[in-house]
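Each remark here refers to the structure printed beneath this line.
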Amino acid sequence: MCGIVGYIGGKNAYPLLMKGLKRLEYRGYDSSGIALIQNQKINVYKKKGKVNELKVYCSDKDVSGNIGMAHTRWATHGEPNDINAHPHTSMKGLFTIIHNGIIENYDKLRRDLALKGYTFYGQTDTEVLANLIEYMYVKGESVNAELAVRMALSRVIGAYGLVVMCSEEPDRLIAARKSSPLAIGIGQGEFFIGSDATPMIEYTRNVVYLNDNDVAILSRNSFTLKTVDNDEEITPEIQQLELSVGEIEKNGYDHFMLKEIFEQPKTISDSFKGRINPVTKEVFLGGLSEVMPRILDARRIIIIACGTSWHAALIGEYLIEEYAQIPVEVEYASEYRYRKPIINKDDVVLAISQSGETADTLAAIRMVKERGALVLGICNVVGSSIARETDAGIYTHAGVEIGVASTKAFTAQVTVITLLAMRLARKHKTISDERYFSIINDLLAVPDKIETILMSHLKIRDIASKYTTSINSLYLGRGYLFPVALEGALKLKEISYIHAEGYAAGEMKHGPIALVDTNLPVIVVAAKDRYYEKIVSNIQEVKARKGNIIAVITEGDNELRNMVNDIFEIPKSDPVLSPLLAIVPLQLFAYYLAVLKGCDVDQPRNLAKSVTVE
């Protein structure tokens, strides 16, 4: 979950690395550091805090040099401080490394190295790895830096994306990857390294995404690719970046999160564009065409995901079961992989992940593949691990999402899942023509309806201002809007640090109603659908206990308007598409509440964007 950036070439490395760190700061921001090769020597500067703290610290330092690497951290081993910040240097000073991931057997390696005379200054697993590489380099005959890295990694259990410098071989960088993303950008007489492609889009469009166990050896004029276990060179697969600089800038918005909320009309449109025939309205999912017969024959579909993607998966469960008549189970990837689940060869497993690198989801995918099930992926990042390791899949086309609290990725996932459900229902003939065309036509209208919601964002800000002193909140929903209640609660707790719980409204009387008093905001997602009368009854129960009720209602609903304290109105829509609309005011409510409380919206404490550790 950390950010890695590296450079070797003819440019001054420092400004390029610092800009890259800022772009990767969403991946971790409790400390940062930089290493530069200067006159055959490695200079390391690192500092607790965000990248700006490092920039100030380096203001009076020698930051010249054409080879360097930098790191912004999300702490796993060892508290955030100057010592535990990356880069880490081995005891004899021969190797300096930056690392994303977790070395699971670091404690045993540390004890073994201590017996060999090595001492350690911090608590990180990365410092252990630096010393292990050095030990391999020093003890072996005719062992160069590349071989020392490969020998060390052969003894490592865990995940890593890492970059290595050797003071005795100062004209190269060595990068390696296992279960943690790493990309190599190829320029003219220069190379770039990043834990994603954002640091390099201004300089090159040619990128190689490392596979697990790959080791890349970079000099100014050469790029050699091997594996940990094999000395033979591999021909790298070069891909073309489709990112633009504008996608990773705020473009006048105060925060990335607000920008990404406002991008949702476009990202939803992009996610169905080219997938719905404008004349026949038939859905075409090219990424699934070769495996569609097997999906249609599935005994059941198992959806695995984490966090926000899990909430999207719940909506998918409702859609696929109601319209395609295929049994669906939704599982937390972090739990599923450690159980002994029953998986049959006629099951289809669908993995959902914004980044395509979520460690628990990847581990679950690998377990399922061993059992012979068909594995599909829904993700947002071309070339990501999930995109490569699944049998087939669908990209969401949400574009880069930098705000740590996911917004546009969620609605893009729900859009794609809706398309999948409609495609399966159409193929199974389990949906009438009238119902099918009604849903598709309403889906095409969703972007314009969200634009209408966004126009009322300042009214939502005014409502949020009433609740800045709240310390708890309860979110309620039924049916397709129950996952929206869960997602709304998650957004609030992530960025405002207000404790929020999402509940199926029918479960309120089984416990949460005990919390209702004049101080508890209760946010009820109450759009017009078949559950409407039931949700009105739940609102009456809260009102009878003097709770403060904020309701997401369908425009024109005067009954609820006069019953609750505050309202967020959404346009009329087909009930199965109401999640795409109802979540938007809840995203804005969480955003403005956090801003008014003075919270760091884009980089909330203790969180990072791409969860590449278990």
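If you're wondering about the labels, chains in the structure tokens are A, B, ... by order shown, residues count from 1 in each chain, ligands from 1 in order shown.
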
>> Give me the residues near Lys345 in chain A as a PyMOL selection string, where near means some atom within 7 Å (using only C-alpha atoms) and where sequence neighbours in that chain fewer than 3 positions away do not count.
In response: chain A and resi 371-373

Residue selection dump (N, CA, C and O atoms) as a PDB file, in the first residue's frame:
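After the write, again.pdb holds the following:
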ATOM      1  N   ARG A 371      -9.056 -24.880  -7.876  1.00  0.00           N
ATOM      2  CA  ARG A 371     -10.189 -25.807  -7.777  1.00  0.00           C
ATOM      3  C   ARG A 371     -10.915 -25.980  -9.108  1.00  0.00           C
ATOM      4  O   ARG A 371     -11.898 -26.725  -9.174  1.00  0.00           O
ATOM      5  N   GLY A 372     -10.497 -25.249 -10.145  1.00  0.00           N
ATOM      6  CA  GLY A 372     -11.057 -25.467 -11.470  1.00  0.00           C
ATOM      7  C   GLY A 372     -12.255 -24.622 -11.834  1.00  0.00           C
ATOM      8  O   GLY A 372     -12.839 -24.811 -12.905  1.00  0.00           O
ATOM      9  N   ALA A 373     -12.649 -23.676 -10.979  1.00  0.00           N
ATOM     10  CA  ALA A 373     -13.790 -22.821 -11.302  1.00  0.00           C
ATOM     11  C   ALA A 373     -13.374 -21.749 -12.304  1.00  0.00           C
ATOM     12  O   ALA A 373     -12.206 -21.363 -12.382  1.00  0.00           O
TER      13      ALA A 373
END

>> DSSP on the backbone: which residues in range 340-545 of chain A end up as strand (DSSP E or B)? Give the answer as a ChimeraX atom specification.
In response: /A:347-353,374-379,392-395,472-477,499-504,521-525

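Considering only C-alpha atoms, the residue among A:Met165, A:Leu593, A:Val414, A:Met563 positioned nearest to Ala544 in chain A is A:Met563.
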
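Using only C-alpha atoms, the smallest distance between any of A:Ile98, A:Val128, A:Val330, A:Leu147 and Val215 in chain A comes from A:Leu147.
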
Would you write out, as JSON lines, a table of all residues in range 382-439 of chain A that have an atom no more than 8 Å from an atom of range 292-308 of chain A, listing for each the closest atom pair and the distance in Å to one decimal, considering only C-alpha atoms and ordering rows by chain and rising residue number?
{"residue": "A:Ser406", "atom": "CA", "partner": "A:Thr308", "partner_atom": "CA", "distance": 7.0}
{"residue": "A:Phe410", "atom": "CA", "partner": "A:Thr308", "partner_atom": "CA", "distance": 6.5}
{"residue": "A:Leu424", "atom": "CA", "partner": "A:Leu296", "partner_atom": "CA", "distance": 6.9}
{"residue": "A:Lys427", "atom": "CA", "partner": "A:Leu296", "partner_atom": "CA", "distance": 7.7}
{"residue": "A:His428", "atom": "CA", "partner": "A:Leu296", "partner_atom": "CA", "distance": 7.4}

Using all heavy atoms, can you write the selected residues to a file as a PDB file, in the first residue's frame?
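Listed below is the output, result.pdb:
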ATOM      1  N   SER A 406     -13.398   5.665  -2.031  1.00  0.00           N
ATOM      2  CA  SER A 406     -13.851   5.389  -3.399  1.00  0.00           C
ATOM      3  C   SER A 406     -15.244   5.961  -3.648  1.00  0.00           C
ATOM      4  O   SER A 406     -16.146   5.831  -2.826  1.00  0.00           O
ATOM      5  CB  SER A 406     -13.860   3.877  -3.637  1.00  0.00           C
ATOM      6  OG  SER A 406     -14.280   3.583  -4.947  1.00  0.00           O
ATOM      7  N   PHE A 410     -17.093   2.949  -7.383  1.00  0.00           N
ATOM      8  CA  PHE A 410     -18.270   2.217  -6.914  1.00  0.00           C
ATOM      9  C   PHE A 410     -19.393   2.285  -7.941  1.00  0.00           C
ATOM     10  O   PHE A 410     -19.968   1.247  -8.323  1.00  0.00           O
ATOM     11  CB  PHE A 410     -18.737   2.795  -5.575  1.00  0.00           C
ATOM     12  CG  PHE A 410     -20.050   2.235  -5.093  1.00  0.00           C
ATOM     13  CD1 PHE A 410     -20.123   0.965  -4.557  1.00  0.00           C
ATOM     14  CD2 PHE A 410     -21.212   3.001  -5.165  1.00  0.00           C
ATOM     15  CE1 PHE A 410     -21.340   0.447  -4.113  1.00  0.00           C
ATOM     16  CE2 PHE A 410     -22.421   2.499  -4.726  1.00  0.00           C
ATOM     17  CZ  PHE A 410     -22.488   1.219  -4.190  1.00  0.00           C
ATOM     18  N   LEU A 424     -27.056 -11.624 -18.837  1.00  0.00           N
ATOM     19  CA  LEU A 424     -27.381 -12.991 -18.432  1.00  0.00           C
ATOM     20  C   LEU A 424     -28.886 -13.230 -18.459  1.00  0.00           C
ATOM     21  O   LEU A 424     -29.349 -14.294 -18.892  1.00  0.00           O
ATOM     22  CB  LEU A 424     -26.828 -13.255 -17.024  1.00  0.00           C
ATOM     23  CG  LEU A 424     -25.303 -13.236 -16.876  1.00  0.00           C
ATOM     24  CD1 LEU A 424     -24.908 -13.417 -15.418  1.00  0.00           C
ATOM     25  CD2 LEU A 424     -24.651 -14.316 -17.731  1.00  0.00           C
ATOM     26  N   LYS A 427     -29.995 -13.661 -22.048  1.00  0.00           N
ATOM     27  CA  LYS A 427     -29.587 -14.960 -22.587  1.00  0.00           C
ATOM     28  C   LYS A 427     -30.425 -16.097 -22.006  1.00  0.00           C
ATOM     29  O   LYS A 427     -30.747 -17.070 -22.700  1.00  0.00           O
ATOM     30  CB  LYS A 427     -28.103 -15.201 -22.296  1.00  0.00           C
ATOM     31  CG  LYS A 427     -27.154 -14.409 -23.176  1.00  0.00           C
ATOM     32  CD  LYS A 427     -27.113 -15.000 -24.582  1.00  0.00           C
ATOM     33  CE  LYS A 427     -25.990 -14.417 -25.409  1.00  0.00           C
ATOM     34  NZ  LYS A 427     -25.948 -15.027 -26.760  1.00  0.00           N
ATOM     35  N   HIS A 428     -30.752 -15.986 -20.715  1.00  0.00           N
ATOM     36  CA  HIS A 428     -31.554 -17.027 -20.054  1.00  0.00           C
ATOM     37  C   HIS A 428     -33.048 -16.888 -20.335  1.00  0.00           C
ATOM     38  O   HIS A 428     -33.829 -17.751 -19.944  1.00  0.00           O
ATOM     39  CB  HIS A 428     -31.328 -16.980 -18.544  1.00  0.00           C
ATOM     40  CG  HIS A 428     -30.154 -17.783 -18.077  1.00  0.00           C
ATOM     41  ND1 HIS A 428     -30.022 -19.130 -18.307  1.00  0.00           N
ATOM     42  CD2 HIS A 428     -29.056 -17.419 -17.364  1.00  0.00           C
ATOM     43  CE1 HIS A 428     -28.900 -19.575 -17.764  1.00  0.00           C
ATOM     44  NE2 HIS A 428     -28.280 -18.552 -17.195  1.00  0.00           N
TER      45      HIS A 428
END

> What's the 6 Å shell around Ala159 in chain A, counting only C-alpha atoms, without same-chain residues fewer than 6 positions away, as a VMD selection string?
Replying inline: chain A and resid 101 to 102 178 to 179

Write out, as a PDB file, in the first residue's frame, the residues just selected, with all heavy atoms.
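File written: selection-v8.pdb
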ATOM      1  N   GLY A 101       4.766  -3.924   0.515  1.00  0.00           N
ATOM      2  CA  GLY A 101       4.357  -5.297   0.784  1.00  0.00           C
ATOM      3  C   GLY A 101       4.748  -5.717   2.180  1.00  0.00           C
ATOM      4  O   GLY A 101       5.095  -4.896   3.040  1.00  0.00           O
ATOM      5  N   ILE A 102       4.710  -7.009   2.425  1.00  0.00           N
ATOM      6  CA  ILE A 102       5.042  -7.551   3.746  1.00  0.00           C
ATOM      7  C   ILE A 102       5.903  -8.797   3.572  1.00  0.00           C
ATOM      8  O   ILE A 102       5.554  -9.707   2.803  1.00  0.00           O
ATOM      9  CB  ILE A 102       3.778  -7.905   4.547  1.00  0.00           C
ATOM     10  CG1 ILE A 102       3.070  -6.626   5.015  1.00  0.00           C
ATOM     11  CG2 ILE A 102       4.105  -8.780   5.738  1.00  0.00           C
ATOM     12  CD1 ILE A 102       1.830  -6.870   5.838  1.00  0.00           C
ATOM     13  N   LYS A 178       6.373  -9.267  -6.436  1.00  0.00           N
ATOM     14  CA  LYS A 178       5.558 -10.430  -6.135  1.00  0.00           C
ATOM     15  C   LYS A 178       4.338  -9.958  -5.353  1.00  0.00           C
ATOM     16  O   LYS A 178       4.467  -9.452  -4.243  1.00  0.00           O
ATOM     17  CB  LYS A 178       6.328 -11.482  -5.329  1.00  0.00           C
ATOM     18  CG  LYS A 178       5.486 -12.739  -5.068  1.00  0.00           C
ATOM     19  CD  LYS A 178       6.262 -13.791  -4.308  1.00  0.00           C
ATOM     20  CE  LYS A 178       5.403 -15.037  -4.101  1.00  0.00           C
ATOM     21  NZ  LYS A 178       6.137 -16.060  -3.318  1.00  0.00           N
ATOM     22  N   SER A 179       3.171 -10.080  -5.954  1.00  0.00           N
ATOM     23  CA  SER A 179       1.892  -9.741  -5.313  1.00  0.00           C
ATOM     24  C   SER A 179       1.771  -8.275  -4.937  1.00  0.00           C
ATOM     25  O   SER A 179       0.953  -7.919  -4.097  1.00  0.00           O
ATOM     26  CB  SER A 179       1.654 -10.620  -4.074  1.00  0.00           C
ATOM     27  OG  SER A 179       1.653 -11.975  -4.412  1.00  0.00           O
TER      28      SER A 179
END

> Excluding same-chain residues fewer than 3 positions from Thr407 in chain A, what lies within 7 Å of it counting only C-alpha atoms, as a PyMOL selection string?
Replying inline: chain A and resi 260-261+410-411

> Can you list, as a ChimeraX atom specification, every residue of range 113-212 of chain A that DSSP puts in helix (DSSP H, G or I)?
Replying inline: /A:113-115,125-139,145-153,198-200

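Among A:Asp346, A:Glu25, A:Glu127, A:Asp62, the residue with the shortest atom-to-atom distance to Thr198 in chain A, counting only C-alpha atoms, is A:Glu25.
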
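In this model, the gap between CA of Phe272 in chain A and CA of Glu389 in chain A comes to 23.7 Å.
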
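When only C-alpha atoms are used to measure the gap to Tyr318 in chain A, the shortest distance among A:Gly547, A:Pro579, A:Gly479, A:Gly506 belongs to A:Gly479.
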